[in-house]
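First the structure, in the form of structure tokens, and then the observations on it.
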Amino acid sequence: MAVSFGFVPTTRRPYDAPLLRGIDGDTVNIAQSVRMVSIDTPESKVGGAPATAQATLDRCRERLLSGAYDAIPAPLRDHFVARLTRDAALRHLTAGHRAADEFTRMRTERLVFDAEGHADVGVIVTGEVIEENGRLLAYVTPWLKPPLPPRDDPRRRTFNLQLIEEGWAVLFPIYPSLPRDDDLNTALKAAETAWQQKLGAWAEFGADLLLGYEYRACIKLGARDRTDRPPVPPAERIASAFRRVCVDVRTREELGLYGFHKIEPPYRMWIWQDDLEEARQALDL
């Protein structure tokens, strides 16, 4: 007997997760990575060591200038070229390590640790739940026992928001994993202040520091061709580097795949291309 409902479930590709222990016949505990949602910090490992990553960024710059990537509009190419300095990789990767250090400091200051060095955190799952790399999308806070302080009490702010406030993360909201309006406005105000006052990463590494998503795009555009395979066509590299449509969160104007540089970082909201029609309806774009 064959049964057919025509239902196609939403799934993600499989990923490896360390098994911690079995609970009972149908329950296990696994180690689950959490991607702190709505923020983006500089990378600390992507692209390899600074010298290796710089060689990749240099290739990206050469290709942007040579005409290989003329399918990317000139203003965005200029935006990248201006940031692809001789020390761009070192500054970005060092900023990534500093962001990790600052997050460690925040946890040490705000969490309550037991004798074995363990601490509980609150994990607020949102939106897409599991992203394409198998990471849980969530906001992370210190675990607070009832009665909880008021919503605007600093003790309740998420680590996501604190990283934005101190300039170690940019606001990076991606539909459908968007915060509620009041939380979005709080994050937006924090992002504006950090950007305008050049706090955190910008204070230490310069206003022309490649943002995390800019750096990752340039690494893809500058990747070396493998000697055992045909060269990757420029169009394929471009499609891999630019997968999200940018929207001005203030005006709801769609800036497309290549227009994010037209507005300052705090005002950029992102939509996956496959979600664009749905987002237009949901967000009244």
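To be explicit about the labels: the chains of the structure tokens are called A, B, and onward in the order shown, and within each one the residues are counted from 1, while ligands get numbers from 1 in the order they are shown.
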
Next item on the list: Extract the full set of strand (DSSP E) residues from region 65-283 of chain A according to DSSP on the backbone, and format it as a count of residues only.
Entry: 35

Margin query: Could you pull out the alpha helix (DSSP H) residues of region 196-225 of chain A, going by DSSP on the backbone, and write them as number ranges by chain?
Written below: A: 196, 201-205, 212-221

For region 95-148 of chain A against region 190-212 of chain A, with a cut-off of 9 Å and counting only C-alpha atoms, what is the closest atom pair and its distance in Å to one decimal for every residue that makes the cut, ordered by chain and number, as CSV?
residue,atom,partner,partner_atom,distance
A:Ala95,CA,A:Ala201,CA,6.0
A:Gly96,CA,A:Ala201,CA,8.6
A:Arg98,CA,A:Ala201,CA,7.9
A:Ala99,CA,A:Ala201,CA,7.6

Notebook entry, point to check: Which polymer residues have any atom within 9 Å of an atom of Ile72 (chain A), counting only C-alpha atoms, with same-chain residues fewer than 6 positions away left out, as a PyMOL selection string?
Noted result: chain A and resi 64+238+258

Restricting the output to N, CA and C atoms, write the selected residues as a PDB file, in the first residue's frame.
ATOM      1  N   LEU A  64      38.212  42.791  -9.066  1.00  0.00           N
ATOM      2  CA  LEU A  64      37.274  43.921  -9.108  1.00  0.00           C
ATOM      3  C   LEU A  64      37.783  45.027 -10.027  1.00  0.00           C
ATOM      4  N   ILE A 238      29.995  35.436  -7.968  1.00  0.00           N
ATOM      5  CA  ILE A 238      29.137  36.563  -7.586  1.00  0.00           C
ATOM      6  C   ILE A 238      27.852  36.051  -6.941  1.00  0.00           C
ATOM      7  N   TYR A 258      22.941  44.314  -4.585  1.00  0.00           N
ATOM      8  CA  TYR A 258      24.203  45.053  -4.686  1.00  0.00           C
ATOM      9  C   TYR A 258      24.103  46.500  -4.195  1.00  0.00           C
TER      10      TYR A 258
END

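Take the candidates A:Asp181, A:Glu116, A:Glu254, A:Asp101 and check each one against Leu163 (chain A) using only C-alpha atoms; the shortest distance goes to A:Asp101.
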
Next item on the list: Between A:Arg135, A:Arg63, A:His118, A:Arg77, single out the one closest to Met36 (chain A), counting only C-alpha atoms.
Entry: A:Arg135

Checklist line | 8 Å contact set for region 216-223 of chain A, only C-alpha atoms, chain neighbours under 2 positions out, as a list in words | finding: Val46, Gly47, Ala53, Thr56, Leu57, Asp58, Arg59, Cys60, Arg61, Arg63, Phe80, Gly212, Tyr213, Glu214, Asp225, Arg237, Ile238, Ser240, Ala241 and Phe242 of chain A

Quick one: write out the picked residues with C-alpha atoms as a compact mmCIF listing (two decimals), in the first residue's frame?
# COMPACT_ATOMS: atom_id res chain seq x y z
CA VAL A 46 37.38 32.50 7.90
CA GLY A 47 39.97 32.74 5.14
CA ALA A 53 43.40 35.69 3.88
CA THR A 56 42.64 36.09 -1.13
CA LEU A 57 41.51 39.67 -0.53
CA ASP A 58 44.25 40.91 -2.87
CA ARG A 59 42.93 38.60 -5.60
CA CYS A 60 39.45 39.94 -4.95
CA ARG A 61 40.71 43.49 -5.38
CA ARG A 63 39.46 40.97 -10.05
CA PHE A 80 34.98 47.16 -1.70
CA GLY A 212 31.64 40.46 8.63
CA TYR A 213 29.36 39.91 5.65
CA GLU A 214 31.52 42.16 3.47
CA ASP A 225 40.82 28.39 -8.49
CA ARG A 237 31.35 33.47 -7.56
CA ILE A 238 29.14 36.56 -7.59
CA SER A 240 27.71 32.79 -4.03
CA ALA A 241 28.87 36.08 -2.51
CA PHE A 242 25.57 37.98 -2.80

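Take CA of Pro154 (chain A) and CA of Leu137 (chain A): the distance between them is 22.3 Å.
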
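Among A:Ala235, A:Thr126, A:Gln273, A:Val247, the residue with the shortest atom-to-atom distance to Asp70 (chain A), counting only C-alpha atoms, is A:Ala235.
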
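In this comparison, which uses only C-alpha atoms, the residue of A:Tyr215, A:Leu188, A:Asp40, A:Pro230 approaching Arg250 (chain A) most closely is A:Leu188.
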
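With distances restricted to only C-alpha atoms, A:Gly134 is the closest residue to Asp16 (chain A) from A:Val37, A:Gly134, A:Thr251, A:His79.
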
Next item on the list: With a distance cut-off of 8 Å and only C-alpha atoms, select the neighbouring residues of Leu93 (chain A), excluding the residue or stretch itself and same-chain residues fewer than 5 positions from it, and output the selection as a PyMOL selection string.
Entry: chain A and resi 42-45+50

File of the preceding selection, N, CA and C atoms, as a CSV table (one decimal), in the first residue's frame:
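Below is the file result28.csv, written as the result:
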chain,number,residue,atom,x,y,z
A,42,PRO,N,32.9,40.6,13.4
A,42,PRO,CA,34.0,40.2,12.4
A,42,PRO,C,34.4,38.8,12.6
A,43,GLU,N,34.9,38.2,11.5
A,43,GLU,CA,35.4,36.8,11.6
A,43,GLU,C,36.8,36.7,12.2
A,44,SER,N,37.0,35.5,12.8
A,44,SER,CA,38.4,35.3,13.4
A,44,SER,C,39.1,34.2,12.7
A,45,LYS,N,38.4,33.4,11.9
A,45,LYS,CA,39.0,32.2,11.3
A,45,LYS,C,38.8,32.1,9.8
A,50,PRO,N,46.1,35.4,8.7
A,50,PRO,CA,46.1,36.7,8.0
A,50,PRO,C,46.8,36.8,6.7

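If only C-alpha atoms are the atoms counted, then among A:Thr104, A:Thr11, A:Ser177, A:Ser38 the closest residue to Glu132 (chain A) is A:Thr11.
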
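Computed from the coordinates, the CA of Val81 (chain A) to CA of Pro234 (chain A) distance equals 17.0 Å.
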
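Between CA of Ile130 (chain A) and CA of Ala17 (chain A) the separation is 13.2 Å.
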
Would you kindly return, as a CSV table (one decimal) with C-alpha atoms, in the first residue's frame, each protein, DNA or RNA residue with an atom no farther than 6 Å from any atom of region 142-150 of chain A, considering only C-alpha atoms and excluding same-chain residues fewer than 2 positions away?
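Result file is part23.csv:
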chain,number,residue,atom,x,y,z
A,111,LEU,CA,26.7,35.2,34.4
A,120,ASP,CA,23.0,28.9,32.8
A,121,VAL,CA,21.9,31.1,30.0
A,122,GLY,CA,18.5,31.9,28.6
A,152,ASP,CA,13.9,47.7,30.2
A,153,ASP,CA,16.2,46.6,33.1
